[in-house]
Amino acid sequence: MSASVTERRVAVAAQRKNSLHRQRMWALWGSYIALGVFVVMFLVPPFYTLMTSLKSSAEISAQVGSPWLVKHPSLENFWYLITYPNFQRYYLNSVIVTILTVAVSMVISVLAAFSLSRMGFWGSQTLSTGVFLTYLVPPSLLFIPLFQIIGQLGLINNFWCLVILYPTLAVPFCTWIMIGYFSSIPRELDEAALIDGAGYLQMLWKIFIPVAMPGIIAATIFAFTVSWGAFLYPLAYLYTSNQMVLTVGIISDLIRGDVFQWGKIMAACLLASLPPIVIYAFLMDYYVAGLTAGATKG
Amino acid sequence: MAEVSVRKVVKEYEGGVQAVKGIDLDIADHEFVVLVGPSGCGKSTTLRMIAGLEEITSGEIWIGGDVVNDVPPRDRDIAMVFQNYALYPHMSVFDNMAFGLKLRKFPKDEIKRRVDDAARILDIVPLLDRKPRALSGGQRQRVAMGRAIVRNPKVFLFDEPLSNLDAKLRVQMRTEIKKVHQTIPTTTVYVTHDQIEAMTLADRVVVMNGGVIEQVGTPQELYHNPASRFVAGFIGSPAMNFLPCRIQDGANGGLAVRVTDSIIVPIPPARVDRYGAYKGKEMVLGIRPEHLFEHRDHGKPGWTRVDLPVDVVEPMGMETMVHFFVEGTPVCARIDPATHAAPGEMLPLTADLNQMHLMLPDTGRVV
Amino acid sequence: MADGTSVPIGGLASAKSAGRKTAMQKFAQRRSTTGFLLCLPLILLVACFVVYPAFYAIYLSMLNKKMTAFVGLGNFQFLLKRHTFQLVIFQSCLFAITAVVLKALLGFTLAHLMHNIPGKNQKIWRGLLLVPWVIPLALSTLTWWWMFDPSYSAFNWVLNQFGFANVPWLGVGWIARFCTIAVNVWYGTPFFMIMYLAALKSVPEQLYEASAIDGANAVQKLFFVTLPMMRNIISITVLFSLITTFADFDIVRILTAGGPQDMTHVFATYAFQVGIQSGDIPLGAADSLFMFPILAFAAFFVLRGVTKRTKEIAA
Ligand SMILES: Nc1ncnc2c1ncn2[C@@H]1O[C@H](COP(=O)(O)OP(=O)(O)O)[C@@H](O)[C@H]1O
Ligand SMILES: [Mg+2]
């Protein structure tokens with residue numbers, strides 16, 4: 001009698017354990033399946049870009065069979081672009097503009113963040129808030145007056161105008177996250193450095209920047225992303241192909257009237273997306289940290 | 001090496017908080033001085049003013065014969081050890097220790113020699129290539145001290161350097177610091193809130209409270225002759241017992257302390273002159289737990305028997321703490337563990353009245 | 001000083017004379033002066049290329065087309081009366097609100113799914129899911145355009161395989177509106193997922209355990225633990241995304257350039273069309289300025305949320 005009760009109890013317990021276990025497994029597999037569906041949906045456009053870029057013009061214009069698959073893969077589009085002077089020009093311009101933008105933005109924002117996190121001066125609080133508000137100003141709010149201002153500076157159709165304007169998009173956020181990273185450095189570290197005999201710039205260069213390296217990397221990635229992908233400013237202010245950067249160059253050069261060279265356009269998109277994707281593949285953690293820093297750091 | 005003087009120094013923070021209210025202190029060359037007091041009493045502020053990290057509102061600070069009020073920290077030739085060590089996380093132990101020397105443009109071989117010497121003294125030679133994050137708390141503490149030593153400064157400043165360590169390591173590092181000071185007798189100002197640390201380390205202890213100095217003296221002086229009720233209560237563990245009392249005439253033309261109707265104890269003859277002026281006044285009697293012990297038949301002059309009802313007994317192995325209530329005031333005695341004491345029973349005790357203190361109830365001054 | 005290598009700061013010797021500012025005060029002052037100087041590049045940049053253009057925009061918006069006469073609020077009145085502009089207002093709001101709601105819901109779902117799977121696998125999934133956010137938007141929108149192509153496009157081919165007729169994706173107003181929103185959702189969802197995932201991870205596990213012991217089921221946990229704990233991050237992210245979505249330019253410009261019949265124009269693309277392409281700078285400036293109240297409204301609440309959060313973290 002008592003033996004059978006115990007037995008039954010054990011059985012019930014085992015069943016319960018099993019069902020709990022099964023429930024967990026279901027939740028886990030359900031999550032994986034749902035995530036898989038999302039990943040497929042998210043990756044459809046990049047996949048299609050890749051497929052199209054491998055097709056020859058003839059294959060595209062033939063319009064037979066599934067457009068999702070490539071029948072005779074060829075690198076002819078890539079080869080065309082790599083040897084195409086205009087495309088080389090766009091690429092070079094993008095690289096120049098981005099390197100300069102990143103450098104300018106990082107210098108401005110690291111100096112400002114150091115000052116705002118450590119060397120309070122009259123109005124520094126207001127300035128911090130102002131920096132954050134500036135971050136919320138989208139490019140499409142001010143591009144018209146900037147068109148006039150750039151015109152007055154004589155920089156219309158000159159990619160140097162981007163080197164001036166892109167920092168306005170990158171600096172506020174970079175400053176903001178650098179303030180967060182710098183503020184998390186304990187104050188005793190500055191004091192130790194002061195006693196050790198460092199001046200403010202030595203303190204910044206030898207202590208703050210190395211210690212806040214993850215923040216520096218995150219901010220650099222952000223500035224890079226902004227500069228590499230911006231579309232409105234170059235579209236509005238540049239109109240000859242020797243000045244254009246990739247985002248506008250691809251559209252204006254490879255779309256002539258209503259003739260779309262889709263294979264080449266897609267190949268160009270792929271080549272132009274390569275730097276962000278490579279950077280992101282190697283530094284994803286910093287990238288994500290930078291993304292979330294704005295809301296979690298302060 | 002240098003002496004340090006603090007003259008009428010006041011520190012007022014923005015918003016009007018006076019953290020330090022005019023203190024005077026002279027520290028001799030090679031001396032190890034400990035500032036001790038409860039949290040928020042202005043110890044760190046004082047130390048940081050000596051370091052030059054905090055501006056002085058008024059007064060003067062002298063280091064080695066110069067007024068340094070106007071000298072920024074790096075030119076004061078001091079070194080400081082912080083509570084959280086403040087090691088540069090991205091530098092190796094060697095670079096941490098060498099940083100100050102590099103900034104002062106010392107030659108390479110000189111830097112290496114000094115760092116090696118300091119590392120040997122502190123026993124951290126095998127750690128020189130490690131990063132701070134790979135070190136234990138005690139090792140970090142040593143590196144922080146090494147960083148101070150290599151500079152061979154005029155003054156060492158320590159701000160609660162052991163507070164982040166666990167109890168056992170704290171005791172060990174305390175000894176270590178004392179040993180280093182014996183090897184390199186640099187003038188040292190050491191801040192702590194722990195009175196045991198203060199007593200064990202200091203040549204002289206400075207007890208601070210509420211932004212002022214209560215008393216300066218050797219550990220022995222502070223223990224035996226506290227100047228105020230605050231110092232009497234702060235130094236010693238467990239703390240001194242304080243009982244409200246009244247001075248009245250005693251036997252043989254002497255004086256007696258009346259604590260309650262049943263507890264009236266004679267004042268030792270040696271102290272009668274000192275306390276004569278307070279006859280008939282309300283006072284506070286102070287006596288340390290270690291001067292209340294189990295009753296012995298063969299007493300000495302000044303030993304008096306009192307019987308108290310036991311409240312709580314706390315055996316601690318080496319000794320036993322017994323707590324009583326005398327008219328609502330808690331009293332603690334430190335007795336031999338062999339003595340039988342049970343809650344609720346009366347325990348006969350001996351009070352060593354040669355060690356008693358009388359203080360004014362309003363100002364707390366010890367008379 | 002003892003080693004003779006330190007450099008005394010300026011004015012040290014003279015500072016001892018009474019009545020002058022002490023060098024220590026100078027040191028403090030120098031600190032704030034240095035601080036200001038370090039901020040100067042930032043201040044100049046923001047003043048010249050953000051603050052000044054903002055005021056300049058207000059000035060420009062009150063001129064006539066040739067920029068020869070002052071017309072007051074004429075441009076604003078003109079715009080409000082125009083049917084196209086009424087469509088712009090409607091589409092901007094529809095676009096922003098629908099897209100943000102969808103992004104928030106999908107992002108939340110994704111973050112939860114991610115949170116369910118073991119930590120070591122999260123990285124690779126996160127990597128795959130973030131791809132839309134990483135590709136420059138102008139470039140990925142080109143691919144979408146190609147996939148929406150009416151003649152031989154990816155989507156229509158699939159529809160044909162299942163026996164449906166071709167859909168004129170970008171050729172009919174409401175479908176085109178749907179397409180622009182879809183592209184925005186595709187692009188922006190990863191951002192929400194990342195933000196929410198970070199927030200989810202910051203909810204202490206003990207809270208879930210405590211609520212489980214109190215007898216809460218999964219839905220109750222979501223409503224009584226997760227959402228309240230994430231409220232601030234959710235609102236910051238939503239408001240922030242509202243700003244960027246509302247001011248979006250790239251998608252609409254590339255996909256439809258505002259068509260068909262101006263039904264997909266948003267403020268930014270319309271401002272580009274009238275201001276840059278048609279050369280009516282003042283009208284374009286006025287158009288852009290219509291965004292300002294909504295942006296300011298959202299910015300105010302973002303800032304409030306962020307301040308609150310900073311305090312929470314500090315506490
Ligand atoms: N930067 C500051 N601003 C305002 N008040 C301060 C500041 N630093 C310390 N105080 C106040 O000064 C008093 C003394 O502080 P401190 O010297 O740090 O005390 P402690 O003896 O614990 O080291 C405290 O009441 C503290 O609140
Ligand atoms: Mg302190």
# chains A, B, ... in the order shown; residues from 1 in each chain; ligands from 1
>>> residues_around(residues="Gly52 (chain B)", least_positions_apart="4", cutoff="10 Å", atoms="only C-alpha atoms", output="JSON, numbers by chain")
{"A": [191, 194, 195], "B": [46, 47, 48, 56, 61, 68, 69, 70, 71, 72, 73, 74, 75, 76, 78], "C": [24]}
>>> residues_around(residues="Leu100 (chain A)", least_positions_apart="2", cutoff="12 Å", atoms="only C-alpha atoms", output="list in words")
Asn93, Ser94, Val95, Ile96, Val97, Thr98, Val102, Ala103, Val104, Ser105, Met106, Val107, Phe159, Trp160, Cys161, Leu162, Val163, Ile164, Leu165, Tyr166, Pro167, Thr220, Ala223, Phe224, Ser227 and Trp228 of chain A
>>> residues_around(residues="Phe55 (chain C)", least_positions_apart="3", cutoff="12 Å", atoms="only C-alpha atoms", output="MDAnalysis selection string")
(chainID A and resid 141:142 144:146) or (chainID C and resid 47:52 58:62 285:286 289)
>>> write_last_selection(atoms="N, CA and C atoms", output="compact mmCIF listing (two decimals), in the first residue's frame")
# COMPACT_ATOMS: atom_id res chain seq x y z
N LEU A 141 16.33 68.51 -41.26
CA LEU A 141 15.73 69.75 -40.73
C LEU A 141 16.46 70.97 -41.25
N LEU A 142 17.75 70.88 -41.46
CA LEU A 142 18.55 72.07 -41.72
C LEU A 142 19.23 72.07 -43.08
N ILE A 144 18.30 72.85 -45.98
CA ILE A 144 18.04 73.98 -46.89
C ILE A 144 18.84 75.23 -46.50
N PRO A 145 18.74 75.68 -45.24
CA PRO A 145 19.62 76.81 -44.89
C PRO A 145 21.10 76.46 -45.08
N LEU A 146 21.47 75.21 -44.81
CA LEU A 146 22.87 74.83 -45.01
C LEU A 146 23.26 74.93 -46.47
N ALA C 47 27.55 75.97 -33.10
CA ALA C 47 27.03 77.33 -33.31
C ALA C 47 26.95 77.64 -34.80
N CYS C 48 27.99 77.31 -35.55
CA CYS C 48 28.04 77.70 -36.96
C CYS C 48 27.14 76.83 -37.84
N PHE C 49 27.07 75.52 -37.53
CA PHE C 49 26.40 74.63 -38.48
C PHE C 49 25.14 73.98 -37.93
N VAL C 50 24.74 74.35 -36.73
CA VAL C 50 23.45 73.87 -36.24
C VAL C 50 22.59 75.05 -35.77
N VAL C 51 23.12 75.84 -34.86
CA VAL C 51 22.30 76.91 -34.28
C VAL C 51 22.07 78.02 -35.31
N TYR C 52 23.15 78.46 -35.94
CA TYR C 52 22.99 79.53 -36.92
C TYR C 52 22.07 79.10 -38.06
N ILE C 58 14.63 80.07 -40.20
CA ILE C 58 13.43 80.86 -39.88
C ILE C 58 13.39 82.11 -40.74
N TYR C 59 14.55 82.73 -40.86
CA TYR C 59 14.62 83.93 -41.68
C TYR C 59 14.27 83.60 -43.14
N LEU C 60 14.91 82.55 -43.67
CA LEU C 60 14.68 82.18 -45.07
C LEU C 60 13.21 81.89 -45.33
N SER C 61 12.57 81.22 -44.36
CA SER C 61 11.20 80.79 -44.60
C SER C 61 10.24 81.97 -44.72
N MET C 62 10.70 83.15 -44.40
CA MET C 62 9.80 84.31 -44.48
C MET C 62 10.11 85.19 -45.67
N ALA C 285 12.48 75.76 -46.92
CA ALA C 285 12.83 76.01 -45.52
C ALA C 285 11.58 75.97 -44.66
N ALA C 286 10.51 76.60 -45.16
CA ALA C 286 9.26 76.61 -44.41
C ALA C 286 8.76 75.19 -44.21
N LEU C 289 10.64 73.40 -41.58
CA LEU C 289 10.36 73.90 -40.24
C LEU C 289 9.09 73.31 -39.65
>>> residues_near_ligand(ligand="ligand 2", cutoff="10 Å", atoms="only C-alpha atoms and all ligand atoms", output="ChimeraX atom specification")
/B:36-48,82-83,159-160,191-193
>>> write_last_selection(atoms="all heavy atoms", output="tab-separated table (two decimals), in the first residue's frame")
chain	number	residue	atom	x	y	z
B	36	VAL	N	42.51	60.46	12.53
B	36	VAL	CA	41.45	59.49	12.74
B	36	VAL	C	40.20	60.22	13.21
B	36	VAL	O	40.29	61.30	13.80
B	36	VAL	CB	41.90	58.39	13.74
B	36	VAL	CG1	42.01	58.94	15.15
B	36	VAL	CG2	40.96	57.20	13.71
B	37	GLY	N	39.06	59.67	12.89
B	37	GLY	CA	37.81	60.29	13.30
B	37	GLY	C	36.68	59.64	12.54
B	37	GLY	O	36.91	58.87	11.62
B	38	PRO	N	35.44	59.92	12.94
B	38	PRO	CA	34.31	59.28	12.27
B	38	PRO	C	34.18	59.77	10.84
B	38	PRO	O	34.75	60.80	10.47
B	38	PRO	CB	33.11	59.70	13.11
B	38	PRO	CG	33.54	60.95	13.78
B	38	PRO	CD	35.01	60.85	13.98
B	39	SER	N	33.44	59.05	10.04
B	39	SER	CA	33.25	59.40	8.64
B	39	SER	C	32.62	60.79	8.52
B	39	SER	O	31.72	61.13	9.27
B	39	SER	CB	32.34	58.35	8.01
B	39	SER	OG	32.01	58.73	6.71
B	40	GLY	N	33.15	61.60	7.61
B	40	GLY	CA	32.61	62.94	7.38
B	40	GLY	C	33.18	64.00	8.29
B	40	GLY	O	32.70	65.14	8.29
B	41	CYS	N	34.23	63.68	9.06
B	41	CYS	CA	34.74	64.67	10.01
B	41	CYS	C	35.78	65.59	9.37
B	41	CYS	O	36.28	66.49	10.03
B	41	CYS	CB	35.33	63.98	11.23
B	41	CYS	SG	36.87	63.14	10.88
B	42	GLY	N	36.12	65.38	8.12
B	42	GLY	CA	37.03	66.29	7.44
B	42	GLY	C	38.46	65.77	7.32
B	42	GLY	O	39.36	66.53	6.96
B	43	LYS	N	38.69	64.48	7.57
B	43	LYS	CA	40.04	63.93	7.45
B	43	LYS	C	40.54	63.98	6.02
B	43	LYS	O	41.62	64.50	5.74
B	43	LYS	CB	40.08	62.46	7.91
B	43	LYS	CG	39.43	62.18	9.22
B	43	LYS	CD	39.37	60.67	9.49
B	43	LYS	CE	38.57	59.88	8.49
B	43	LYS	NZ	37.13	59.83	8.70
B	44	SER	N	39.72	63.45	5.11
B	44	SER	CA	40.15	63.41	3.71
B	44	SER	C	40.36	64.82	3.19
B	44	SER	O	41.31	65.08	2.46
B	44	SER	CB	39.11	62.72	2.85
B	44	SER	OG	38.99	61.39	3.22
B	45	THR	N	39.46	65.71	3.56
B	45	THR	CA	39.59	67.09	3.10
B	45	THR	C	40.93	67.66	3.55
B	45	THR	O	41.65	68.30	2.76
B	45	THR	CB	38.44	67.93	3.66
B	45	THR	OG1	37.21	67.28	3.33
B	45	THR	CG2	38.45	69.31	3.10
B	46	THR	N	41.29	67.43	4.80
B	46	THR	CA	42.58	67.92	5.30
B	46	THR	C	43.73	67.34	4.49
B	46	THR	O	44.62	68.06	4.03
B	46	THR	CB	42.74	67.53	6.77
B	46	THR	OG1	41.58	67.95	7.49
B	46	THR	CG2	43.97	68.17	7.37
B	47	LEU	N	43.68	66.03	4.28
B	47	LEU	CA	44.75	65.37	3.55
B	47	LEU	C	44.85	65.90	2.12
B	47	LEU	O	45.93	66.16	1.60
B	47	LEU	CB	44.50	63.87	3.52
B	47	LEU	CG	45.67	63.03	3.06
B	47	LEU	CD1	46.68	62.93	4.18
B	47	LEU	CD2	45.23	61.64	2.64
B	48	ARG	N	43.68	66.09	1.51
B	48	ARG	CA	43.67	66.55	0.12
B	48	ARG	C	44.12	67.99	0.00
B	48	ARG	O	44.64	68.40	-1.03
B	48	ARG	CB	42.27	66.35	-0.47
B	48	ARG	CG	41.93	64.86	-0.64
B	48	ARG	CD	40.46	64.63	-0.83
B	48	ARG	NE	39.95	65.42	-1.93
B	48	ARG	CZ	40.06	65.05	-3.20
B	48	ARG	NH1	40.60	63.91	-3.50
B	48	ARG	NH2	39.62	65.82	-4.16
B	82	PHE	N	45.62	55.95	-2.53
B	82	PHE	CA	44.17	56.14	-2.41
B	82	PHE	C	43.50	54.86	-1.93
B	82	PHE	O	44.04	53.77	-2.05
B	82	PHE	CB	43.58	56.51	-3.77
B	82	PHE	CG	44.06	57.82	-4.30
B	82	PHE	CD1	45.22	57.90	-5.05
B	82	PHE	CD2	43.35	58.98	-4.05
B	82	PHE	CE1	45.67	59.11	-5.54
B	82	PHE	CE2	43.79	60.20	-4.55
B	82	PHE	CZ	44.95	60.26	-5.29
B	83	GLN	N	42.28	55.05	-1.44
B	83	GLN	CA	41.52	53.91	-0.93
B	83	GLN	C	41.28	52.86	-2.01
B	83	GLN	O	41.44	51.68	-1.77
B	83	GLN	CB	40.19	54.40	-0.36
B	83	GLN	CG	39.31	53.26	0.09
B	83	GLN	CD	38.06	53.75	0.77
B	83	GLN	OE1	37.92	54.92	1.07
B	83	GLN	NE2	37.13	52.85	1.02
B	159	ASP	N	45.14	57.87	2.11
B	159	ASP	CA	43.73	58.10	2.45
B	159	ASP	C	43.01	56.75	2.56
B	159	ASP	O	42.66	56.14	1.57
B	159	ASP	CB	43.06	58.97	1.39
B	159	ASP	CG	41.70	59.47	1.85
B	159	ASP	OD1	41.23	59.01	2.91
B	159	ASP	OD2	41.12	60.33	1.17
B	160	GLU	N	42.80	56.30	3.77
B	160	GLU	CA	42.13	55.03	4.04
B	160	GLU	C	42.63	53.92	3.13
B	160	GLU	O	41.84	53.25	2.46
B	160	GLU	CB	40.61	55.19	3.85
B	160	GLU	CG	40.05	56.40	4.55
B	160	GLU	CD	38.89	56.07	5.46
B	160	GLU	OE1	38.53	54.89	5.55
B	160	GLU	OE2	38.37	56.99	6.10
B	191	VAL	N	45.31	58.73	6.82
B	191	VAL	CA	43.93	58.95	7.23
B	191	VAL	C	43.22	57.62	7.38
B	191	VAL	O	43.35	56.75	6.53
B	191	VAL	CB	43.19	59.81	6.19
B	191	VAL	CG1	41.69	59.70	6.37
B	191	VAL	CG2	43.62	61.26	6.29
B	192	THR	N	42.50	57.46	8.46
B	192	THR	CA	41.68	56.25	8.64
B	192	THR	C	40.52	56.56	9.57
B	192	THR	O	40.56	57.54	10.32
B	192	THR	CB	42.53	55.10	9.22
B	192	THR	OG1	41.69	53.97	9.39
B	192	THR	CG2	43.13	55.48	10.56
B	193	HIS	N	39.48	55.75	9.49
B	193	HIS	CA	38.40	55.92	10.47
B	193	HIS	C	38.50	54.84	11.54
B	193	HIS	O	37.69	54.77	12.44
B	193	HIS	CB	37.04	55.85	9.77
B	193	HIS	CG	36.78	54.52	9.14
B	193	HIS	ND1	37.04	54.27	7.81
B	193	HIS	CD2	36.31	53.38	9.65
B	193	HIS	CE1	36.74	53.02	7.55
B	193	HIS	NE2	36.30	52.44	8.65
>>> residues_around(residues="region 302-307 of chain B", least_positions_apart="5", cutoff="8 Å", atoms="only C-alpha atoms", output="PyMOL selection string")
chain B and resi 263+265-268+295+346-354
>>> write_last_selection(atoms="N, CA, C and O atoms", output="CSV table (one decimal), in the first residue's frame")
chain,number,residue,atom,x,y,z
B,263,ILE,N,25.4,52.5,44.4
B,263,ILE,CA,26.8,52.6,43.9
B,263,ILE,C,27.4,53.9,44.2
B,263,ILE,O,27.2,54.9,43.5
B,265,VAL,N,31.3,55.2,45.0
B,265,VAL,CA,32.6,54.7,45.1
B,265,VAL,C,33.6,55.8,45.5
B,265,VAL,O,33.4,57.0,45.1
B,266,PRO,N,34.6,55.5,46.3
B,266,PRO,CA,35.5,56.5,46.7
B,266,PRO,C,36.5,56.9,45.6
B,266,PRO,O,37.0,56.0,44.9
B,267,ILE,N,36.8,58.2,45.6
B,267,ILE,CA,37.8,58.7,44.6
B,267,ILE,C,39.2,58.4,45.2
B,267,ILE,O,39.4,58.7,46.4
B,268,PRO,N,40.2,57.9,44.4
B,268,PRO,CA,41.5,57.6,45.0
B,268,PRO,C,42.1,58.9,45.5
B,268,PRO,O,41.9,60.0,44.9
B,295,HIS,N,35.8,40.3,40.4
B,295,HIS,CA,36.2,40.7,41.7
B,295,HIS,C,37.4,39.9,42.2
B,295,HIS,O,37.4,38.6,42.1
B,346,MET,N,23.6,38.6,40.1
B,346,MET,CA,24.4,39.8,40.4
B,346,MET,C,25.9,39.3,40.3
B,346,MET,O,26.2,38.2,40.6
B,347,LEU,N,26.7,40.1,39.7
B,347,LEU,CA,28.1,39.7,39.5
B,347,LEU,C,29.0,40.7,40.3
B,347,LEU,O,28.9,42.0,40.1
B,348,PRO,N,29.8,40.2,41.2
B,348,PRO,CA,30.7,41.2,41.9
B,348,PRO,C,31.9,41.5,41.0
B,348,PRO,O,32.5,40.7,40.3
B,349,LEU,N,32.1,42.8,40.8
B,349,LEU,CA,33.2,43.3,39.9
B,349,LEU,C,34.1,44.2,40.7
B,349,LEU,O,33.8,44.7,41.8
B,350,THR,N,35.3,44.4,40.1
B,350,THR,CA,36.3,45.4,40.7
B,350,THR,C,36.4,46.5,39.7
B,350,THR,O,36.6,46.3,38.5
B,351,ALA,N,36.2,47.7,40.1
B,351,ALA,CA,36.5,48.9,39.3
B,351,ALA,C,37.8,49.5,39.7
B,351,ALA,O,38.1,49.7,40.8
B,352,ASP,N,38.7,49.6,38.7
B,352,ASP,CA,40.0,50.2,38.9
B,352,ASP,C,39.9,51.7,38.8
B,352,ASP,O,40.0,52.3,37.7
B,353,LEU,N,39.6,52.4,39.9
B,353,LEU,CA,39.3,53.8,39.8
B,353,LEU,C,40.5,54.7,39.6
B,353,LEU,O,40.4,55.9,39.3
B,354,ASN,N,41.8,54.1,39.6
B,354,ASN,CA,42.9,54.8,39.2
B,354,ASN,C,42.8,55.2,37.7
B,354,ASN,O,43.5,56.1,37.2
>>> residues_around(residues="Lys131 (chain B)", least_positions_apart="4", cutoff="7 Å", atoms="only C-alpha atoms", output="list of chain:residue names")
B:Pro89, B:His90, B:Met91, B:Ser92, B:Val93
>>> write_last_selection(atoms="N, CA and C atoms", output="PDB file, in the first residue's frame")
ATOM      1  N   PRO B  89      44.682  51.375 -15.101  1.00  0.00           N
ATOM      2  CA  PRO B  89      44.351  49.993 -15.468  1.00  0.00           C
ATOM      3  C   PRO B  89      45.036  49.512 -16.744  1.00  0.00           C
ATOM      4  N   HIS B  90      45.443  50.449 -17.596  1.00  0.00           N
ATOM      5  CA  HIS B  90      45.991  50.017 -18.883  1.00  0.00           C
ATOM      6  C   HIS B  90      47.509  49.865 -18.844  1.00  0.00           C
ATOM      7  N   MET B  91      48.121  50.157 -17.700  1.00  0.00           N
ATOM      8  CA  MET B  91      49.576  50.073 -17.621  1.00  0.00           C
ATOM      9  C   MET B  91      49.984  48.877 -16.764  1.00  0.00           C
ATOM     10  N   SER B  92      51.148  48.322 -17.077  1.00  0.00           N
ATOM     11  CA  SER B  92      51.673  47.240 -16.258  1.00  0.00           C
ATOM     12  C   SER B  92      52.091  47.808 -14.908  1.00  0.00           C
ATOM     13  N   VAL B  93      52.354  46.921 -13.966  1.00  0.00           N
ATOM     14  CA  VAL B  93      52.776  47.360 -12.642  1.00  0.00           C
ATOM     15  C   VAL B  93      54.030  48.239 -12.755  1.00  0.00           C
TER      16      VAL B  93
END
>>> select_by_dssp(residues="region 164-304 of chain B", states="alpha helix (DSSP H)", output="MDAnalysis selection string")
chainID B and resid 167:183 195:201 219:224 229:234 269:275
>>> interface_residues(of="chain C", to="chain A", cutoff="6 Å", atoms="only C-alpha atoms", output="PDB file with C-alpha atoms, in the first residue's frame")
ATOM      1  CA  SER C  32      37.970  76.037 -16.118  1.00  0.00           C
ATOM      2  CA  GLY C  35      37.941  73.255 -19.951  1.00  0.00           C
ATOM      3  CA  LEU C  38      38.709  72.189 -25.003  1.00  0.00           C
ATOM      4  CA  CYS C  39      34.999  72.652 -25.674  1.00  0.00           C
ATOM      5  CA  PRO C  41      35.742  73.417 -31.269  1.00  0.00           C
ATOM      6  CA  LEU C  42      32.468  71.745 -30.331  1.00  0.00           C
ATOM      7  CA  PRO C  53      21.349  77.498 -39.731  1.00  0.00           C
ATOM      8  CA  ALA C  57      16.020  78.758 -41.683  1.00  0.00           C
ATOM      9  CA  LEU C 113      13.225  35.473 -28.521  1.00  0.00           C
ATOM     10  CA  LEU C 129      19.751  40.149 -37.256  1.00  0.00           C
ATOM     11  CA  ILE C 135      24.181  48.331 -44.548  1.00  0.00           C
ATOM     12  CA  PRO C 136      23.973  52.019 -45.468  1.00  0.00           C
ATOM     13  CA  LEU C 139      22.220  51.319 -50.658  1.00  0.00           C
ATOM     14  CA  ALA C 154      11.610  39.250 -57.129  1.00  0.00           C
ATOM     15  CA  MET C 195      18.096  48.378 -27.188  1.00  0.00           C
ATOM     16  CA  ALA C 268      12.123  65.897 -45.968  1.00  0.00           C
ATOM     17  CA  ALA C 285      12.828  76.007 -45.523  1.00  0.00           C
ATOM     18  CA  SER C 288      11.305  71.671 -43.128  1.00  0.00           C
ATOM     19  CA  THR C 310      20.892  58.938 -15.406  1.00  0.00           C
TER      20      THR C 310
END
>>> residues_around(residues="Ser136 (chain B)", least_positions_apart="4", cutoff="12 Å", atoms="only C-alpha atoms", output="ChimeraX atom specification")
/B:85,124,127,130-132,140-143,164-166,169
>>> select_by_dssp(residues="region 202-267 of chain A", states="strand (DSSP E)", output="ChimeraX atom specification")
/A:255-256,259-260
>>> write_last_selection(atoms="C-alpha atoms", output="PDB file, in the first residue's frame")
ATOM      1  CA  ILE A 255      20.865  55.000 -63.529  1.00  0.00           C
ATOM      2  CA  ARG A 256      20.752  56.845 -66.831  1.00  0.00           C
ATOM      3  CA  VAL A 259      17.956  52.525 -68.090  1.00  0.00           C
ATOM      4  CA  PHE A 260      18.767  50.552 -64.965  1.00  0.00           C
TER       5      PHE A 260
END
>>> residues_around(residues="Asp196 (chain A)", least_positions_apart="4", cutoff="7 Å", atoms="only C-alpha atoms", output="list in words")
Ala192 of chain A; Arg74, Phe99 and Gly100 of chain B
>>> write_last_selection(atoms="N, CA, C and O atoms", output="PDB file, in the first residue's frame")
ATOM      1  N   ALA A 192      45.641  60.867  -8.954  1.00  0.00           N
ATOM      2  CA  ALA A 192      46.928  60.184  -8.948  1.00  0.00           C
ATOM      3  C   ALA A 192      47.803  60.731 -10.072  1.00  0.00           C
ATOM      4  O   ALA A 192      48.996  60.984  -9.874  1.00  0.00           O
TER       5      ALA A 192
ATOM      6  N   ARG B  74      51.526  68.574  -8.402  1.00  0.00           N
ATOM      7  CA  ARG B  74      52.714  67.905  -8.952  1.00  0.00           C
ATOM      8  C   ARG B  74      54.006  68.564  -8.491  1.00  0.00           C
ATOM      9  O   ARG B  74      55.059  67.963  -8.534  1.00  0.00           O
ATOM     10  N   PHE B  99      55.412  55.801 -13.946  1.00  0.00           N
ATOM     11  CA  PHE B  99      54.732  56.900 -14.640  1.00  0.00           C
ATOM     12  C   PHE B  99      55.169  58.278 -14.154  1.00  0.00           C
ATOM     13  O   PHE B  99      55.531  59.152 -14.945  1.00  0.00           O
ATOM     14  N   GLY B 100      55.169  58.455 -12.832  1.00  0.00           N
ATOM     15  CA  GLY B 100      55.547  59.755 -12.284  1.00  0.00           C
ATOM     16  C   GLY B 100      56.986  60.122 -12.637  1.00  0.00           C
ATOM     17  O   GLY B 100      57.292  61.287 -12.924  1.00  0.00           O
TER      18      GLY B 100
END
